[in-house]
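Trainee: Structure file query-v2.cif (mmCIF, N, CA and C atoms) right here:
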```cif
data_data
#
loop_
_atom_site.label_atom_id
_atom_site.label_comp_id
_atom_site.auth_asym_id
_atom_site.auth_seq_id
_atom_site.Cartn_x
_atom_site.Cartn_y
_atom_site.Cartn_z
N MET W 1 82.07 106.94 122.83
CA MET W 1 83.50 106.67 122.84
C MET W 1 84.03 106.41 121.43
N GLU W 2 83.19 105.80 120.58
CA GLU W 2 83.62 105.51 119.22
C GLU W 2 84.03 106.78 118.48
N GLN W 3 83.24 107.85 118.65
CA GLN W 3 83.58 109.13 118.00
C GLN W 3 84.89 109.67 118.55
N ASP W 4 85.10 109.54 119.87
CA ASP W 4 86.36 110.01 120.46
C ASP W 4 87.55 109.29 119.85
N GLU W 5 87.42 107.99 119.65
CA GLU W 5 88.52 107.22 119.05
C GLU W 5 88.75 107.61 117.59
N ARG W 6 87.67 107.88 116.87
CA ARG W 6 87.80 108.28 115.47
C ARG W 6 88.56 109.60 115.35
N PHE W 7 88.21 110.57 116.18
CA PHE W 7 88.90 111.85 116.13
C PHE W 7 90.32 111.75 116.69
N MET W 8 90.53 110.86 117.66
CA MET W 8 91.89 110.67 118.17
C MET W 8 92.78 110.07 117.09
N GLN W 9 92.22 109.21 116.25
CA GLN W 9 92.99 108.68 115.12
C GLN W 9 93.44 109.81 114.19
N GLU W 10 92.58 110.82 114.01
CA GLU W 10 92.97 112.00 113.22
C GLU W 10 94.13 112.74 113.90
N ALA W 11 94.06 112.87 115.22
CA ALA W 11 95.14 113.52 115.96
C ALA W 11 96.43 112.72 115.84
N LEU W 12 96.33 111.40 115.85
CA LEU W 12 97.51 110.55 115.68
C LEU W 12 98.13 110.74 114.29
N ARG W 13 97.29 110.96 113.29
CA ARG W 13 97.83 111.24 111.94
C ARG W 13 98.63 112.54 111.97
N GLU W 14 98.13 113.52 112.69
CA GLU W 14 98.87 114.78 112.83
C GLU W 14 100.19 114.54 113.56
N ALA W 15 100.17 113.69 114.59
CA ALA W 15 101.40 113.39 115.34
C ALA W 15 102.43 112.73 114.43
N ARG W 16 101.97 111.82 113.58
CA ARG W 16 102.89 111.16 112.63
C ARG W 16 103.46 112.19 111.65
N GLU W 17 102.66 113.15 111.26
CA GLU W 17 103.14 114.22 110.38
C GLU W 17 104.24 115.01 111.09
N ALA W 18 104.03 115.31 112.37
CA ALA W 18 105.06 116.01 113.15
C ALA W 18 106.35 115.21 113.17
N ALA W 19 106.26 113.91 113.42
CA ALA W 19 107.45 113.06 113.46
C ALA W 19 108.17 113.08 112.12
N SER W 20 107.42 113.07 111.03
CA SER W 20 108.05 113.09 109.71
C SER W 20 108.78 114.40 109.44
N GLU W 21 108.43 115.45 110.19
CA GLU W 21 109.09 116.75 110.08
C GLU W 21 110.13 116.95 111.19
N ASP W 22 110.45 115.86 111.90
CA ASP W 22 111.40 115.87 113.01
C ASP W 22 110.98 116.81 114.14
N GLU W 23 109.69 116.84 114.39
CA GLU W 23 109.11 117.55 115.53
C GLU W 23 108.67 116.51 116.55
N VAL W 24 108.58 116.90 117.82
CA VAL W 24 108.03 116.00 118.83
C VAL W 24 106.63 115.63 118.36
N PRO W 25 106.35 114.33 118.24
CA PRO W 25 105.11 113.89 117.60
C PRO W 25 103.86 113.99 118.47
N ILE W 26 103.33 115.18 118.53
CA ILE W 26 102.06 115.43 119.19
C ILE W 26 101.14 116.06 118.17
N GLY W 27 99.92 115.53 118.10
CA GLY W 27 98.95 116.03 117.15
C GLY W 27 97.66 116.40 117.83
N ALA W 28 96.91 117.32 117.19
CA ALA W 28 95.64 117.78 117.74
C ALA W 28 94.66 118.07 116.61
N VAL W 29 93.40 117.82 116.88
CA VAL W 29 92.33 118.24 115.99
C VAL W 29 91.23 118.86 116.83
N VAL W 30 90.50 119.78 116.23
CA VAL W 30 89.33 120.37 116.87
C VAL W 30 88.13 119.94 116.05
N ALA W 31 87.15 119.36 116.75
CA ALA W 31 85.91 118.94 116.11
C ALA W 31 84.76 119.78 116.64
N CYS W 32 83.83 120.05 115.76
CA CYS W 32 82.64 120.81 116.12
C CYS W 32 81.47 120.22 115.35
N ARG W 33 80.43 119.86 116.07
CA ARG W 33 79.23 119.29 115.47
C ARG W 33 79.55 118.07 114.58
N GLY W 34 80.44 117.22 115.09
CA GLY W 34 80.73 115.96 114.42
C GLY W 34 81.71 116.00 113.26
N ARG W 35 82.36 117.16 113.04
CA ARG W 35 83.35 117.19 111.95
C ARG W 35 84.58 117.97 112.38
N VAL W 36 85.71 117.61 111.80
CA VAL W 36 86.97 118.28 112.10
C VAL W 36 86.96 119.65 111.44
N ILE W 37 87.23 120.69 112.23
CA ILE W 37 87.30 122.05 111.69
C ILE W 37 88.72 122.60 111.70
N ALA W 38 89.63 121.93 112.44
CA ALA W 38 91.01 122.41 112.52
C ALA W 38 91.93 121.27 112.91
N LYS W 39 93.18 121.38 112.47
CA LYS W 39 94.20 120.38 112.78
C LYS W 39 95.49 121.12 113.14
N GLY W 40 96.34 120.42 113.86
CA GLY W 40 97.65 120.99 114.17
C GLY W 40 98.58 119.93 114.70
N HIS W 41 99.86 120.18 114.55
CA HIS W 41 100.87 119.32 115.17
C HIS W 41 102.02 120.23 115.60
N ASN W 42 102.88 119.69 116.45
CA ASN W 42 103.99 120.51 116.93
C ASN W 42 104.78 121.08 115.76
N MET W 43 105.11 122.37 115.87
CA MET W 43 105.90 123.05 114.84
C MET W 43 106.95 123.95 115.49
N THR W 44 107.38 123.59 116.69
CA THR W 44 108.33 124.44 117.42
C THR W 44 109.66 124.57 116.70
N GLU W 45 110.13 123.50 116.07
CA GLU W 45 111.41 123.54 115.35
C GLU W 45 111.26 124.31 114.04
N ALA W 46 110.23 123.98 113.29
CA ALA W 46 110.04 124.62 111.97
C ALA W 46 109.85 126.12 112.10
N LEU W 47 109.16 126.55 113.14
CA LEU W 47 108.87 127.98 113.30
C LEU W 47 109.84 128.67 114.27
N SER W 48 110.76 127.91 114.86
CA SER W 48 111.66 128.45 115.90
C SER W 48 110.84 129.20 116.95
N ASP W 49 109.77 128.55 117.41
CA ASP W 49 108.81 129.17 118.31
C ASP W 49 108.42 128.16 119.40
N PRO W 50 108.84 128.39 120.64
CA PRO W 50 108.52 127.44 121.70
C PRO W 50 107.03 127.36 122.02
N THR W 51 106.23 128.28 121.51
CA THR W 51 104.78 128.23 121.76
C THR W 51 104.02 127.52 120.65
N ALA W 52 104.69 127.04 119.62
CA ALA W 52 104.02 126.43 118.48
C ALA W 52 103.68 124.96 118.74
N HIS W 53 102.97 124.72 119.84
CA HIS W 53 102.52 123.38 120.18
C HIS W 53 101.32 123.02 119.32
N ALA W 54 101.05 121.72 119.21
CA ALA W 54 99.94 121.23 118.40
C ALA W 54 98.62 121.91 118.78
N GLU W 55 98.38 122.03 120.08
CA GLU W 55 97.13 122.63 120.55
C GLU W 55 97.02 124.09 120.12
N MET W 56 98.11 124.83 120.21
CA MET W 56 98.09 126.25 119.87
C MET W 56 97.81 126.44 118.38
N ILE W 57 98.43 125.59 117.55
CA ILE W 57 98.19 125.65 116.11
C ILE W 57 96.72 125.35 115.82
N ALA W 58 96.19 124.32 116.48
CA ALA W 58 94.80 123.92 116.27
C ALA W 58 93.81 124.97 116.78
N ILE W 59 94.10 125.58 117.92
CA ILE W 59 93.23 126.63 118.46
C ILE W 59 93.12 127.79 117.47
N THR W 60 94.25 128.24 116.97
CA THR W 60 94.25 129.36 116.02
C THR W 60 93.42 129.03 114.79
N ALA W 61 93.62 127.84 114.23
CA ALA W 61 92.87 127.43 113.04
C ALA W 61 91.38 127.29 113.35
N ALA W 62 91.05 126.76 114.52
CA ALA W 62 89.64 126.58 114.89
C ALA W 62 88.94 127.92 115.08
N CYS W 63 89.61 128.86 115.71
CA CYS W 63 89.00 130.18 115.90
C CYS W 63 88.75 130.85 114.56
N GLU W 64 89.66 130.67 113.64
CA GLU W 64 89.46 131.20 112.30
C GLU W 64 88.26 130.53 111.63
N ALA W 65 88.13 129.21 111.82
CA ALA W 65 87.04 128.45 111.20
C ALA W 65 85.66 128.87 111.75
N VAL W 66 85.59 129.14 113.06
CA VAL W 66 84.30 129.52 113.65
C VAL W 66 84.05 131.02 113.58
N GLY W 67 85.07 131.77 113.25
CA GLY W 67 84.91 133.21 113.13
C GLY W 67 84.81 133.94 114.46
N GLY W 68 85.47 133.40 115.47
CA GLY W 68 85.45 134.04 116.79
C GLY W 68 86.48 133.41 117.70
N LYS W 69 86.60 133.97 118.91
CA LYS W 69 87.64 133.50 119.82
C LYS W 69 87.19 132.44 120.81
N TYR W 70 85.92 132.07 120.78
CA TYR W 70 85.41 131.08 121.73
C TYR W 70 85.08 129.76 121.03
N LEU W 71 85.48 128.68 121.68
CA LEU W 71 85.30 127.34 121.12
C LEU W 71 84.45 126.48 122.06
N ASN W 72 83.46 127.09 122.70
CA ASN W 72 82.69 126.35 123.71
C ASN W 72 81.83 125.23 123.12
N ASP W 73 81.56 125.23 121.83
CA ASP W 73 80.83 124.13 121.20
C ASP W 73 81.77 123.11 120.56
N CYS W 74 83.05 123.23 120.83
CA CYS W 74 84.06 122.39 120.17
C CYS W 74 84.76 121.46 121.15
N THR W 75 85.35 120.42 120.59
CA THR W 75 86.16 119.47 121.36
C THR W 75 87.55 119.42 120.75
N LEU W 76 88.55 119.54 121.62
CA LEU W 76 89.95 119.38 121.21
C LEU W 76 90.35 117.95 121.50
N TYR W 77 90.88 117.27 120.50
CA TYR W 77 91.46 115.93 120.64
C TYR W 77 92.95 116.08 120.49
N VAL W 78 93.71 115.65 121.50
CA VAL W 78 95.16 115.80 121.45
C VAL W 78 95.80 114.52 121.97
N THR W 79 96.90 114.13 121.35
CA THR W 79 97.50 112.83 121.65
C THR W 79 98.15 112.77 123.03
N VAL W 80 98.59 113.90 123.55
CA VAL W 80 99.23 113.94 124.88
C VAL W 80 98.56 115.04 125.69
N GLU W 81 98.42 114.80 126.98
CA GLU W 81 97.84 115.78 127.89
C GLU W 81 98.47 117.16 127.69
N PRO W 82 97.66 118.19 127.53
CA PRO W 82 98.21 119.53 127.30
C PRO W 82 99.08 120.04 128.45
N CYS W 83 100.07 120.83 128.08
CA CYS W 83 100.93 121.49 129.07
C CYS W 83 100.17 122.68 129.68
N PRO W 84 100.71 123.28 130.73
CA PRO W 84 100.03 124.44 131.34
C PRO W 84 99.80 125.60 130.37
N MET W 85 100.75 125.87 129.49
CA MET W 85 100.56 126.96 128.52
C MET W 85 99.34 126.69 127.64
N CYS W 86 99.27 125.48 127.11
CA CYS W 86 98.16 125.13 126.23
C CYS W 86 96.84 125.07 126.99
N ALA W 87 96.88 124.57 128.21
CA ALA W 87 95.67 124.52 129.03
C ALA W 87 95.12 125.92 129.28
N ALA W 88 96.00 126.86 129.56
CA ALA W 88 95.56 128.24 129.79
C ALA W 88 94.97 128.83 128.50
N ALA W 89 95.59 128.55 127.37
CA ALA W 89 95.05 129.03 126.08
C ALA W 89 93.68 128.41 125.82
N LEU W 90 93.53 127.13 126.15
CA LEU W 90 92.25 126.47 125.98
C LEU W 90 91.19 127.07 126.90
N ALA W 91 91.62 127.51 128.08
CA ALA W 91 90.69 128.19 128.99
C ALA W 91 90.24 129.52 128.39
N TRP W 92 91.18 130.29 127.85
CA TRP W 92 90.82 131.56 127.23
C TRP W 92 89.89 131.36 126.05
N ALA W 93 90.07 130.25 125.31
CA ALA W 93 89.20 129.94 124.18
C ALA W 93 87.88 129.32 124.64
N GLN W 94 87.78 129.01 125.92
CA GLN W 94 86.59 128.39 126.51
C GLN W 94 86.16 127.14 125.76
N VAL W 95 87.15 126.30 125.42
CA VAL W 95 86.86 125.05 124.71
C VAL W 95 85.90 124.21 125.56
N GLY W 96 84.93 123.61 124.90
CA GLY W 96 83.90 122.85 125.61
C GLY W 96 84.39 121.55 126.20
N LYS W 97 85.28 120.86 125.48
CA LYS W 97 85.72 119.54 125.91
C LYS W 97 87.14 119.29 125.42
N ILE W 98 87.93 118.62 126.24
CA ILE W 98 89.27 118.20 125.87
C ILE W 98 89.35 116.69 126.03
N VAL W 99 89.78 116.02 124.97
CA VAL W 99 89.99 114.58 125.00
C VAL W 99 91.47 114.36 124.70
N TYR W 100 92.16 113.68 125.62
CA TYR W 100 93.57 113.42 125.35
C TYR W 100 93.89 111.95 125.51
N GLY W 101 94.98 111.56 124.85
CA GLY W 101 95.38 110.16 124.84
C GLY W 101 96.26 109.80 126.01
N ALA W 102 97.51 110.18 125.95
CA ALA W 102 98.49 109.80 126.97
C ALA W 102 98.63 110.89 128.02
N PRO W 103 98.76 110.50 129.28
CA PRO W 103 99.02 111.51 130.32
C PRO W 103 100.46 112.00 130.22
N ASP W 104 100.70 113.18 130.76
CA ASP W 104 102.06 113.72 130.84
C ASP W 104 102.33 114.07 132.30
N PRO W 105 102.82 113.08 133.08
CA PRO W 105 102.99 113.29 134.51
C PRO W 105 104.02 114.36 134.87
N LYS W 106 104.94 114.66 133.96
CA LYS W 106 105.97 115.66 134.26
C LYS W 106 105.52 117.08 133.92
N ARG W 107 104.83 117.24 132.78
CA ARG W 107 104.51 118.58 132.29
C ARG W 107 103.04 118.82 131.99
N GLY W 108 102.18 117.89 132.33
CA GLY W 108 100.76 118.02 132.03
C GLY W 108 100.04 118.99 132.96
N PHE W 109 98.94 119.54 132.48
CA PHE W 109 98.17 120.53 133.24
C PHE W 109 97.51 119.95 134.47
N SER W 110 97.20 118.65 134.48
CA SER W 110 96.39 118.08 135.56
C SER W 110 97.09 118.06 136.92
N LYS W 111 98.39 118.27 136.92
CA LYS W 111 99.10 118.29 138.21
C LYS W 111 98.95 119.63 138.93
N PHE W 112 98.30 120.59 138.27
CA PHE W 112 98.13 121.91 138.87
C PHE W 112 96.75 122.05 139.50
N SER W 113 96.72 122.63 140.67
CA SER W 113 95.47 122.89 141.36
C SER W 113 95.51 124.31 141.88
N PRO W 114 94.51 125.11 141.65
CA PRO W 114 93.30 124.77 140.92
C PRO W 114 93.57 124.58 139.44
N SER W 115 92.62 124.00 138.75
CA SER W 115 92.77 123.69 137.33
C SER W 115 93.02 124.95 136.51
N LEU W 116 93.85 124.80 135.50
CA LEU W 116 94.13 125.90 134.59
C LEU W 116 93.05 126.04 133.51
N LEU W 117 92.15 125.07 133.44
CA LEU W 117 91.11 125.07 132.42
C LEU W 117 89.91 125.91 132.82
N HIS W 118 89.10 126.24 131.85
CA HIS W 118 87.83 126.92 132.11
C HIS W 118 86.97 125.98 132.96
N PRO W 119 86.25 126.51 133.94
CA PRO W 119 85.48 125.64 134.84
C PRO W 119 84.42 124.77 134.14
N LYS W 120 83.95 125.18 132.98
CA LYS W 120 82.92 124.40 132.28
C LYS W 120 83.50 123.38 131.30
N THR W 121 84.82 123.36 131.14
CA THR W 121 85.44 122.43 130.20
C THR W 121 85.40 121.02 130.74
N GLU W 122 84.88 120.11 129.94
CA GLU W 122 84.86 118.69 130.27
C GLU W 122 86.18 118.08 129.82
N VAL W 123 86.74 117.17 130.61
CA VAL W 123 88.00 116.51 130.26
C VAL W 123 87.79 115.01 130.22
N VAL W 124 88.25 114.39 129.13
CA VAL W 124 88.20 112.94 128.98
C VAL W 124 89.62 112.46 128.72
N PRO W 125 90.27 111.87 129.73
CA PRO W 125 91.63 111.36 129.53
C PRO W 125 91.62 109.91 129.04
N GLY W 126 92.75 109.49 128.50
CA GLY W 126 92.97 108.07 128.24
C GLY W 126 92.27 107.47 127.03
N VAL W 127 92.11 108.23 125.95
CA VAL W 127 91.55 107.67 124.72
C VAL W 127 92.73 107.24 123.84
N LEU W 128 92.79 105.95 123.54
CA LEU W 128 93.91 105.34 122.79
C LEU W 128 95.26 105.69 123.43
N PRO W 129 95.39 105.52 124.73
CA PRO W 129 96.60 105.95 125.43
C PRO W 129 97.87 105.24 124.99
N ASP W 130 97.78 103.95 124.69
CA ASP W 130 98.98 103.20 124.31
C ASP W 130 99.54 103.69 122.97
N GLU W 131 98.66 103.90 122.00
CA GLU W 131 99.11 104.41 120.70
C GLU W 131 99.70 105.81 120.83
N CYS W 132 99.02 106.64 121.63
CA CYS W 132 99.46 108.02 121.80
C CYS W 132 100.80 108.10 122.53
N SER W 133 100.98 107.23 123.51
CA SER W 133 102.23 107.21 124.27
C SER W 133 103.38 106.63 123.46
N SER W 134 103.11 105.56 122.73
CA SER W 134 104.20 104.89 122.02
C SER W 134 104.78 105.74 120.90
N ILE W 135 103.98 106.55 120.26
CA ILE W 135 104.51 107.38 119.17
C ILE W 135 105.56 108.36 119.71
N VAL W 136 105.33 108.87 120.92
CA VAL W 136 106.29 109.80 121.53
C VAL W 136 107.51 109.04 122.03
N SER W 137 107.30 107.94 122.74
CA SER W 137 108.45 107.21 123.28
C SER W 137 109.31 106.64 122.16
N ASP W 138 108.70 106.15 121.08
CA ASP W 138 109.47 105.65 119.94
C ASP W 138 110.30 106.76 119.31
N TYR W 139 109.73 107.95 119.21
CA TYR W 139 110.44 109.10 118.64
C TYR W 139 111.71 109.40 119.44
N PHE W 140 111.57 109.41 120.77
CA PHE W 140 112.73 109.74 121.60
C PHE W 140 113.75 108.60 121.66
N LYS W 141 113.30 107.36 121.53
CA LYS W 141 114.25 106.22 121.44
C LYS W 141 115.12 106.36 120.20
N GLU W 142 114.52 106.77 119.09
CA GLU W 142 115.28 106.97 117.86
C GLU W 142 116.29 108.12 117.99
N LYS W 143 115.95 109.11 118.79
CA LYS W 143 116.82 110.27 118.98
C LYS W 143 118.08 109.93 119.79
N ARG W 144 117.96 108.93 120.65
CA ARG W 144 119.08 108.59 121.54
C ARG W 144 120.08 107.76 120.88
#
```
Once more with this new file: its structure as C-alpha cells, please.

Mentor:
Amino acid sequence: MEQDERFMQEALREAREAASEDEVPIGAVVACRGRVIAKGHNMTEALSDPTAHAEMIAITAACEAVGGKYLNDCTLYVTVEPCPMCAAALAWAQVGKIVYGAPDPKRGFSKFSPSLLHPKTEVVPGVLPDECSSIVSDYFKEKR
C-alpha cells in the first residue's frame, strides 16, 4: 500500500498542475517495475479535445515509453475513477492494474456491467480518497 500512496502522490501533483492550467484537476501516472514511466493530467481545454483526459495522455506516453501498445506490466494511478472512455482505452492497452483515489458515482466506469476493463486488470479503489476528492471539489467551489 505504501507504494500505491507514493505513486498516488505523483498523480496528485499532476492534478495540481491541471488546476494551475484551469483544467479539471485530475492527474495520472503510469508506473512499471517500481518507477514512473509516464504522467498526464487533464488537457481538454488546452487542446480543445474532449478526449484529452489525464488517463489518455498518460496511456499515450506510457506506450511510447515501453515501445508498444500493451501495458500489462504497468499500473495506472489516477486521482479519480476513470470514465467509460478511459476504461475502454485502458482495456485496449491491457493495463495490468488500475489504482484510483476518489470514486466517480456519476461518470465512473464501475457502474457499468459487464466491466469495460480487460478481464485480467486488477483494480484498487480508494487510495488517498479524501485528498483526491477534495482537489476536485475545491476546484469546482472556486468556479461557482

Trainee: Need to verify the contact set: W:Glu10, 7 Å, all atoms listed in the file, exclusion of same-chain residues closer than 6 positions in sequence. Can you return it as a short mmCIF file (atom, residue, chain, number, x, y, z; two decimals) with N, CA and C atoms, in the frame of the given file?

Mentor:
```cif
data_model
loop_
_atom_site.label_atom_id
_atom_site.label_comp_id
_atom_site.auth_asym_id
_atom_site.auth_seq_id
_atom_site.Cartn_x
_atom_site.Cartn_y
_atom_site.Cartn_z
N GLY W 27 99.92 115.53 118.10
CA GLY W 27 98.95 116.03 117.15
C GLY W 27 97.66 116.40 117.83
N ALA W 28 96.91 117.32 117.19
CA ALA W 28 95.64 117.78 117.74
C ALA W 28 94.66 118.07 116.61
N VAL W 29 93.40 117.82 116.88
CA VAL W 29 92.33 118.24 115.99
C VAL W 29 91.23 118.86 116.83
#
```

Trainee: Report, in Å to a single decimal, how far apart atom CA of W:Pro103 and atom CA of W:Asp130 are.

Mentor: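 One can read the atom CA of W:Asp130 to atom CA of W:Pro103 distance as 10.3 Å.
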
Trainee: Just the residues within 6.5 Å of W:Leu128, please, counting all atoms listed in the file, with nothing from its chain fewer than 6 positions along; format it as a list of chain:residue names.

Mentor: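 The residues satisfying every condition are W:Glu5, W:Tyr100, W:Gly101, W:Ala102.
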
Trainee: Apply the PyMOL selection byres ((chain W and resi 77-84) around 7) to the displayed file and report the matching residues as a PyMOL selection string.

Mentor: chain W and resi 7-8+11-12+26-31+75-76+85-89+97-104+107-110+116+132-133

Trainee: Between atom N of W:Asp73 and atom C of W:Gly96, what is the distance in Å, rounded to a tenth?

Mentor: 6.4 Å

Trainee: Please, which residues of stretch 30-108 of chain W, numbered as in this document, come out helix (DSSP H, G or I) from DSSP, as a tab-separated table (two decimals) with N, CA and C atoms, in the frame of the given file?

Mentor:
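As a result, result.tsv now contains:
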```tsv
chain	number	residue	atom	x	y	z
W	44	THR	N	107.38	123.59	116.69
W	44	THR	CA	108.33	124.44	117.42
W	44	THR	C	109.66	124.57	116.70
W	45	GLU	N	110.13	123.50	116.07
W	45	GLU	CA	111.41	123.54	115.35
W	45	GLU	C	111.26	124.31	114.04
W	46	ALA	N	110.23	123.98	113.29
W	46	ALA	CA	110.04	124.62	111.97
W	46	ALA	C	109.85	126.12	112.10
W	47	LEU	N	109.16	126.55	113.14
W	47	LEU	CA	108.87	127.98	113.30
W	47	LEU	C	109.84	128.67	114.27
W	54	ALA	N	101.05	121.72	119.21
W	54	ALA	CA	99.94	121.23	118.40
W	54	ALA	C	98.62	121.91	118.78
W	55	GLU	N	98.38	122.03	120.08
W	55	GLU	CA	97.13	122.63	120.55
W	55	GLU	C	97.02	124.09	120.12
W	56	MET	N	98.11	124.83	120.21
W	56	MET	CA	98.09	126.25	119.87
W	56	MET	C	97.81	126.44	118.38
W	57	ILE	N	98.43	125.59	117.55
W	57	ILE	CA	98.19	125.65	116.11
W	57	ILE	C	96.72	125.35	115.82
W	58	ALA	N	96.19	124.32	116.48
W	58	ALA	CA	94.80	123.92	116.27
W	58	ALA	C	93.81	124.97	116.78
W	59	ILE	N	94.10	125.58	117.92
W	59	ILE	CA	93.23	126.63	118.46
W	59	ILE	C	93.12	127.79	117.47
W	60	THR	N	94.25	128.24	116.97
W	60	THR	CA	94.25	129.36	116.02
W	60	THR	C	93.42	129.03	114.79
W	61	ALA	N	93.62	127.84	114.23
W	61	ALA	CA	92.87	127.43	113.04
W	61	ALA	C	91.38	127.29	113.35
W	62	ALA	N	91.05	126.76	114.52
W	62	ALA	CA	89.64	126.58	114.89
W	62	ALA	C	88.94	127.92	115.08
W	63	CYS	N	89.61	128.86	115.71
W	63	CYS	CA	89.00	130.18	115.90
W	63	CYS	C	88.75	130.85	114.56
W	64	GLU	N	89.66	130.67	113.64
W	64	GLU	CA	89.46	131.20	112.30
W	64	GLU	C	88.26	130.53	111.63
W	65	ALA	N	88.13	129.21	111.82
W	65	ALA	CA	87.04	128.45	111.20
W	65	ALA	C	85.66	128.87	111.75
W	66	VAL	N	85.59	129.14	113.06
W	66	VAL	CA	84.30	129.52	113.65
W	66	VAL	C	84.05	131.02	113.58
W	84	PRO	N	100.71	123.28	130.73
W	84	PRO	CA	100.03	124.44	131.34
W	84	PRO	C	99.80	125.60	130.37
W	85	MET	N	100.75	125.87	129.49
W	85	MET	CA	100.56	126.96	128.52
W	85	MET	C	99.34	126.69	127.64
W	86	CYS	N	99.27	125.48	127.11
W	86	CYS	CA	98.16	125.13	126.23
W	86	CYS	C	96.84	125.07	126.99
W	87	ALA	N	96.88	124.57	128.21
W	87	ALA	CA	95.67	124.52	129.03
W	87	ALA	C	95.12	125.92	129.28
W	88	ALA	N	96.00	126.86	129.56
W	88	ALA	CA	95.56	128.24	129.79
W	88	ALA	C	94.97	128.83	128.50
W	89	ALA	N	95.59	128.55	127.37
W	89	ALA	CA	95.05	129.03	126.08
W	89	ALA	C	93.68	128.41	125.82
W	90	LEU	N	93.53	127.13	126.15
W	90	LEU	CA	92.25	126.47	125.98
W	90	LEU	C	91.19	127.07	126.90
W	91	ALA	N	91.62	127.51	128.08
W	91	ALA	CA	90.69	128.19	128.99
W	91	ALA	C	90.24	129.52	128.39
W	92	TRP	N	91.18	130.29	127.85
W	92	TRP	CA	90.82	131.56	127.23
W	92	TRP	C	89.89	131.36	126.05
```

Trainee: Just the number, please: distance in Å from atom CA of W:Gly34 to atom CA of W:Gln9, one decimal.

Mentor: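 For atom CA of W:Gly34 relative to atom CA of W:Gln9, the distance reads 14.3 Å.
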
Trainee: Got a sec: who's within 12 Å of W:Lys143, counting only C-alpha atoms, leaving out chain neighbours fewer than 6 positions off, as a ChimeraX atom specification?

Mentor: /W:19,22-24,136-137

Trainee: If we count only N, CA and C atoms, what is near W:Ala62 at a cut-off of 8 Å, once residues fewer than 2 positions away on the same chain are taken out, given as a VMD selection string?

Mentor: chain W and resid 30 to 31 37 to 39 56 to 60 64 to 71

Trainee: Output stretch 39-50 of chain W as an mmCIF file, keeping the file's coordinate frame, making sure N, CA, C and O atoms are there.

Mentor:
```cif
data_model
loop_
_atom_site.group_PDB
_atom_site.id
_atom_site.type_symbol
_atom_site.label_atom_id
_atom_site.label_comp_id
_atom_site.auth_asym_id
_atom_site.auth_seq_id
_atom_site.Cartn_x
_atom_site.Cartn_y
_atom_site.Cartn_z
ATOM 1 N N LYS W 39 93.180 121.380 112.470
ATOM 2 C CA LYS W 39 94.200 120.380 112.780
ATOM 3 C C LYS W 39 95.490 121.120 113.140
ATOM 4 O O LYS W 39 95.687 122.261 112.722
ATOM 5 N N GLY W 40 96.340 120.420 113.860
ATOM 6 C CA GLY W 40 97.650 120.990 114.170
ATOM 7 C C GLY W 40 98.580 119.930 114.700
ATOM 8 O O GLY W 40 98.144 118.895 115.198
ATOM 9 N N HIS W 41 99.860 120.180 114.550
ATOM 10 C CA HIS W 41 100.870 119.320 115.170
ATOM 11 C C HIS W 41 102.020 120.230 115.600
ATOM 12 O O HIS W 41 102.085 121.391 115.186
ATOM 13 N N ASN W 42 102.880 119.690 116.450
ATOM 14 C CA ASN W 42 103.990 120.510 116.930
ATOM 15 C C ASN W 42 104.780 121.080 115.760
ATOM 16 O O ASN W 42 105.094 120.373 114.810
ATOM 17 N N MET W 43 105.110 122.370 115.870
ATOM 18 C CA MET W 43 105.900 123.050 114.840
ATOM 19 C C MET W 43 106.950 123.950 115.490
ATOM 20 O O MET W 43 107.373 124.936 114.909
ATOM 21 N N THR W 44 107.380 123.590 116.690
ATOM 22 C CA THR W 44 108.330 124.440 117.420
ATOM 23 C C THR W 44 109.660 124.570 116.700
ATOM 24 O O THR W 44 110.268 125.641 116.725
ATOM 25 N N GLU W 45 110.130 123.500 116.070
ATOM 26 C CA GLU W 45 111.410 123.540 115.350
ATOM 27 C C GLU W 45 111.260 124.310 114.040
ATOM 28 O O GLU W 45 112.061 125.185 113.737
ATOM 29 N N ALA W 46 110.230 123.980 113.290
ATOM 30 C CA ALA W 46 110.040 124.620 111.970
ATOM 31 C C ALA W 46 109.850 126.120 112.100
ATOM 32 O O ALA W 46 110.330 126.879 111.250
ATOM 33 N N LEU W 47 109.160 126.550 113.140
ATOM 34 C CA LEU W 47 108.870 127.980 113.300
ATOM 35 C C LEU W 47 109.840 128.670 114.270
ATOM 36 O O LEU W 47 109.704 129.878 114.485
ATOM 37 N N SER W 48 110.760 127.910 114.860
ATOM 38 C CA SER W 48 111.660 128.450 115.900
ATOM 39 C C SER W 48 110.840 129.200 116.950
ATOM 40 O O SER W 48 111.156 130.319 117.330
ATOM 41 N N ASP W 49 109.770 128.550 117.410
ATOM 42 C CA ASP W 49 108.810 129.170 118.310
ATOM 43 C C ASP W 49 108.420 128.160 119.400
ATOM 44 O O ASP W 49 107.738 127.177 119.099
ATOM 45 N N PRO W 50 108.840 128.390 120.640
ATOM 46 C CA PRO W 50 108.520 127.440 121.700
ATOM 47 C C PRO W 50 107.030 127.360 122.020
ATOM 48 O O PRO W 50 106.601 126.437 122.704
#
```
